[in-house]
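Input: a single structure, listed below in C-alpha cells.
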Amino acid sequence: MRRSLTALVAAALAAALAALTATLAPLAALPSVASAAPPRRPAQHPLAIGTGGAVASMDVDASQAGIDVLQRGGNAIDAAVATASALGVTIPFVAGPGGGGFMVIYLARTHRVVTIDGRETCPAACTSTTFIDPATGMPYDYDYASAQPLSTGVPGMVATWAQALRLYGRRSLAADLQPAIAVAQHGFRVNRDFRQLTQSGLAELRAYPASRKLLLTTSGSPLPLGQLLRNPDLARTYRLIARHGAGYLYDGPLGRAIVRAVDHPRLTPGTQLITRPGIMTVNDLRAYRARSLPSTRVRYRGLDIYGMEPPSSGGSTIGEALNILSGWNLGSEPRALALYHYLEASRLAYADRDAWVGDPAYERVPLSGLLSPAYAATRRCLVGDHALTSPLAPGQPFPPFAGTCPAAAPASSVPATTASPELHHTNNIVTTDRAGDIVAYTNTINFFGGSGMTVPGYGFLLNNELTDFDFAPAQPGTYDPNLPAGGKEPRSSMGPVIALRDGRPQFTVGAAGGSTIITTILQTLINHVDFGMSLPAALAAPRVSQTNTSTSLAEPAFYHSALAQQLTQQYGEKFTLATGPVLPLDHYPGDATALALLGHGRVEAIAEPVRLFGGSALVVHPRR
Ligand code: GLU
C-alpha cells in the first residue's frame, strides 16, 4: 500500500515538476545546471586529504556543491554559500533560507579573521514579555513555545550569503546557488539521516499542509529510505533569489509570503498544536541587516584562537574556558585530572555566559572582561579538589580584577542560572580554497525541522530561533541580557573557531548541538592541542559536556569509561547518559566538522565519522 502511494506521490511530483518547468520558462535565461536525470551521488566519507581546497559538512551533496564551486573558480566563501544552500535542499531540517547563522572567515591575502553575524531578529513588536502567557502571567512552556510561529525570527541566512559574497566572495550569489538549484531540481535520495530528522519534528511538520506535501508521505509519515525527493519549489525560490538578489526575500514577494505564513499559518485541519501565530511584518524583513563584526581572540598554548562575538556566546565562552585552562598544563596531568579541569572550566565559563551574554546592540556585554586572562584567574582559583555545585553563580567580569582568589563563590548581583535549554540542532560547514582562505559557518533553523512550517510555494522551513531568548529572568526583577526585544537577536551557542600559530592557520572546528556546541569545540580543541590526538581522533572521541548543570551530559563511550568512574569517585563529577550516538536526538552532543591545515596547500577535511550517520569531507585534488 505504502509503495503504491509512494508511486502516486512520485508521479504527482513529476507532473507538478513538468507544469512548474513550463511556468518557469522566463527564468530559463538564468545560468542553470539542471538536466533530466539525478546525478550520481558521490560516496560519503568523513575524511579526505588533498590540495586545491576542501569542504566538510553533514551531507555529501552539500559538500559536493562546495567543491563544484571551488572547481569553477570560487573561493572558500563561495564554497560555503554553495554548501549551505545545497544543505537547505538535502537536509532542510537543519539549514536553508529560513534560518540564520554565524560565519567566521580567515582571509589569506590580508591575514585577517572577520565574521558575519546572520542571526535571526525578533520582530519589532517583540517585548520582554513576548514569551509570557497573558492568561497566566507565567512563561510559556519551552516546548510549547518552540512549536509556535511566534518563535519564528526574521531569517538572516540569505542576507549572510549576500553579504559574505559581496565583501569576500569571488562569484555572484546567482552563480553560487546553481549547485543547490540543480540538487533541488534533480532530487536526491532520502537517507537514514533525513528519515531520522523527519521523525524528530514530525508533529510540527504534520501541522502544516505545505510541510506534509513536501516532506512526508500522504499519510503523514517520514518518506521511505531511498525515495527520490525533488523540491522544485525551492529550486524556483533559489532561482528567484539568483535573479533578483536578497531583496527578493527582504523586500519582495518571498518576504510577503514568509510574513503571511508566520502570522496567518495555514494549518492541517484538526491541528491543535499551533495556537500562537507570529507577529512579523514586512518592515521587520526590510530592517534586517547581517552584521559584520570583529572576531574574539584568545591565546592558548601558543595558538591564537579566533571565534564569534556576541550575540554568539561561542567566542566568549570558549575563550574564557581556555583562559581558565591555561593555568594548568593539561597535557602533563593525569587524564582524569585534566578532564576534571576541563569540566570545571566549562562550568565556570557557562555561568558567566548565561549571566552576561546577550545581543550587544541592546546590552552592555562585558566581552573584554570575559576574555581577560586576569579575570579567568579569578575564576580558576574557585576550582578545588571537588566539583563545584551548579547552578554556579557568575563572576564579575569588570576590572580591576582581584589579584587574589575570592574566598568563596563571588557575590553577584546576577543570579545563577543554568544554560538556556537549547539542545537541538544545527550544522557546521568548513571550507578552504587553494589561496588558503578558510570559512567556518555554523547555521541553523534551530530545532530539527525548525518551526515545522514550510513557506507555501517556496519549499523551505522557517526557524523557531526566538526560543533561544530567555522567557523571563531567573528571578523576578533581576538583570537578564537575553530577554526578547524588537529587533534584538537571541543569544546563540553557535560559534566556530579558527586557530592560527604565528599567523599561520592550523585548524578550524565548529559543531552543532545547541549548548553542547561550545563544549564540543572545547573538548575537540583540548583533545588535539593538549592530549596530542590527531584532529580526526579529537573530533571522534567520546564527548562529555558541562554547561553549569548539576550533571554533565556524557556519550555512552564516555559514560561507561573508567575515566568517568574516576571523575565521579575522585572529584565528585556526576554524569547523565546521552542515550546513544544517534538516538534520541535531544540528548546528543552535536556533530562537528573540522579542517586541519597541513602546510604547503595540503588540507585534511574532517566530518563526523558516526554521529548522525556521519558527514562528508571532500577535497578538490585528493592525494596524501
Ligand atoms: N539555536 C541554537 C543556538 O543558536 C542552535 C540550534 C541548536 O543546535 O540548538 O545556539
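Following the order of the C-alpha cells, chains are lettered A, B, ..., residues in each are numbered from 1, and ligands are numbered from 1.
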Name the residues of range 472-573 of chain A that fall into strand (DSSP E) according to DSSP on the backbone, using the chain letters and numbers of this document, as a PDB file with C-alpha atoms, in the first residue's frame.
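Output (out-v5.pdb):
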ATOM      1  CA  VAL A 497      36.793  28.760  15.836  1.00  0.00           C
ATOM      2  CA  ILE A 498      39.837  29.161  13.630  1.00  0.00           C
ATOM      3  CA  ALA A 499      43.275  28.568  15.191  1.00  0.00           C
ATOM      4  CA  LEU A 500      46.454  30.241  13.960  1.00  0.00           C
ATOM      5  CA  ARG A 501      50.032  29.786  15.107  1.00  0.00           C
ATOM      6  CA  ARG A 504      49.537  30.698  10.029  1.00  0.00           C
ATOM      7  CA  PRO A 505      46.208  28.821  10.120  1.00  0.00           C
ATOM      8  CA  GLN A 506      46.439  25.430  11.820  1.00  0.00           C
ATOM      9  CA  PHE A 507      42.892  24.206  12.082  1.00  0.00           C
ATOM     10  CA  THR A 508      39.251  25.135  12.349  1.00  0.00           C
ATOM     11  CA  VAL A 509      36.452  23.365  14.156  1.00  0.00           C
ATOM     12  CA  GLY A 510      32.757  24.002  14.609  1.00  0.00           C
ATOM     13  CA  ALA A 511      29.836  21.986  15.821  1.00  0.00           C
ATOM     14  CA  VAL A 544      31.217  14.965  27.756  1.00  0.00           C
ATOM     15  CA  SER A 545      29.540  18.333  28.132  1.00  0.00           C
ATOM     16  CA  SER A 552      27.480  16.585  32.702  1.00  0.00           C
ATOM     17  CA  LEU A 553      25.977  15.058  29.585  1.00  0.00           C
ATOM     18  CA  ALA A 554      28.148  12.117  28.541  1.00  0.00           C
TER      19      ALA A 554
END
Per-residue nearest contacts of chain A to ligand 1 (6 Å; only C-alpha atoms and all ligand atoms) as a tab-separated table:
residue	atom	partner	partner_atom_place_in_ligand_line	distance
A:Glu422	CA	ligand 1	9 (O)	4.6
A:Leu423	CA	ligand 1	9 (O)	4.4
A:His424	CA	ligand 1	9 (O)	3.7
A:His425	CA	ligand 1	8 (O)	3.2
A:Thr426	CA	ligand 1	8 (O)	4.5
A:Thr444	CA	ligand 1	6 (C)	5.8
A:Asn446	CA	ligand 1	6 (C)	3.8
A:Phe447	CA	ligand 1	9 (O)	5.8
A:Glu465	CA	ligand 1	1 (N)	5.6
A:Asp468	CA	ligand 1	1 (N)	5.8
A:Ser492	CA	ligand 1	4 (O)	3.6
A:Ser493	CA	ligand 1	10 (O)	3.5
A:Met494	CA	ligand 1	10 (O)	4.8
A:Ala512	CA	ligand 1	8 (O)	5.2
A:Gly513	CA	ligand 1	8 (O)	3.8
A:Gly514	CA	ligand 1	9 (O)	3.2
A:Ser515	CA	ligand 1	10 (O)	6.0
Got a sec: who's within 7 Å of range 607-612 of chain A, counting only C-alpha atoms, leaving out chain neighbours fewer than 6 positions off, as a compact mmCIF listing (two decimals) with C-alpha atoms, in the first residue's frame?
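Contents of selection-v7.txt, freshly written:
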# COMPACT_ATOMS: atom_id res chain seq x y z
CA PRO A 46 34.16 11.55 6.77
CA LEU A 47 37.83 12.16 5.88
CA ALA A 56 33.23 19.25 5.12
CA SER A 57 29.55 19.23 6.00
CA ASP A 193 19.72 10.86 8.41
CA ALA A 540 35.56 11.44 17.04
CA PRO A 581 25.36 8.45 19.49
CA VAL A 582 22.35 8.65 17.19
CA ASP A 591 28.11 16.55 15.32
CA ALA A 592 31.15 18.56 14.26
CA THR A 593 33.30 19.32 11.26
CA ALA A 594 36.89 20.50 11.06
- Message: With only C-alpha atoms as the counted atoms, please give the residues lying no more than 10 Å from Arg602 in chain A, apart from itself and same-chain residues fewer than 4 positions off, as a list in words.
- Response: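 Neighbouring residues, sequence-local ones excluded: Ile49, Gly50, Thr51, Gly52, Gly53, Ala54, Arg434, Gly436, Ala596, Leu597, Leu598, Val619, His621, Pro622, Arg623 and Arg624 of chain A.
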- as a list in words, list the residues of range 251-324 of chain A assigned to alpha helix (DSSP H) by DSSP on the backbone atoms of this structure.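 Residues meeting the alpha helix (DSSP H) criterion: Pro253, Leu254, Gly255, Arg256, Ala257, Ile258, Val259, Arg260, Ala261, Val262, Asp263, Val282, Asn283, Asp284, Leu285, Arg286, Ala287, Gly314, Gly315, Ser316, Thr317, Ile318, Gly319, Glu320, Ala321, Leu322, Asn323 and Ile324 of chain A.
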- Item | Surrounding residues of Val262 in chain A excluding itself and chain neighbours under 3 positions, 10 Å, only C-alpha atoms, as JSON, numbers by chain | {"A": [148, 149, 150, 151, 152, 153, 256, 257, 258, 259, 265, 266, 276, 277, 278, 279, 280, 281, 451, 453, 454, 455, 462]}
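Of the residues under consideration (A:Ser63, A:Gln272, A:Ser146, A:Ser313), A:Ser313 shows the shortest atom-to-atom contact distance to Asn482 in chain A when counting only C-alpha atoms.
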- Item | Residue with smallest distance to Pro496 in chain A - pool A:Pro123, A:Gly101, A:Gly614, A:Pro542, counting only C-alpha atoms | A:Gly101
- Residue among A:Gly495, A:Pro334, A:Gly137, A:Gly450 lying closest to Ala95 in chain A, counting only C-alpha atoms: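 Among the listed residues, A:Gly450 lies closest to Ala95 in chain A.
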- Distance in Å - CA of Arg189 in chain A versus CA of Ala86 in chain A: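 CA of Ala86 in chain A lies at a distance of 13.8 Å from CA of Arg189 in chain A.
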- Query: Do you know which residues are at most 10 Å from Gln566 in chain A counting only C-alpha atoms, after dropping those on the same chain fewer than 6 positions away, and could you put them as a list of chain:residue names?
  - Reply: A:Arg335, A:Ala336, A:Leu337, A:Tyr340, A:Gly572, A:Glu573
So that I have them on file, write out the residues from the current selection with C-alpha atoms, as a PDB file, in the first residue's frame.
ATOM      1  CA  ARG A 335      43.911  12.329  32.245  1.00  0.00           C
ATOM      2  CA  ALA A 336      41.196  12.296  34.909  1.00  0.00           C
ATOM      3  CA  LEU A 337      42.593  15.463  36.486  1.00  0.00           C
ATOM      4  CA  TYR A 340      38.168  17.470  35.730  1.00  0.00           C
ATOM      5  CA  GLY A 572      32.598  14.261  42.607  1.00  0.00           C
ATOM      6  CA  GLU A 573      31.651  14.819  38.980  1.00  0.00           C
TER       7      GLU A 573
END
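Taking only C-alpha atoms into account, Ser561 in chain A lies nearest to A:Arg543 out of the set A:Arg543, A:Asp141, A:Arg301, A:Phe93.
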- State, in Å with one decimal place, the distance from CA of Ala210 in chain A to CA of Gly457 in chain A. 7.7 Å
- Query: Taking only C-alpha atoms into account, which of A:Thr551, A:Thr121, A:Asn443, A:Asn527 comes nearest Leu330 in chain A?
  - Reply: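 Under the stated criterion, the closest residue is A:Asn527.
Relative to CA of Ile324 in chain A, CA of Cys405 in chain A is found at 13.2 Å.
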- Distance query Pro294 in chain A at most 12 Å, only C-alpha atoms, self and fewer than 3 positions along chain excluded, as a ChimeraX atom specification: /A:103-106,112-117,291,297,306-310,315
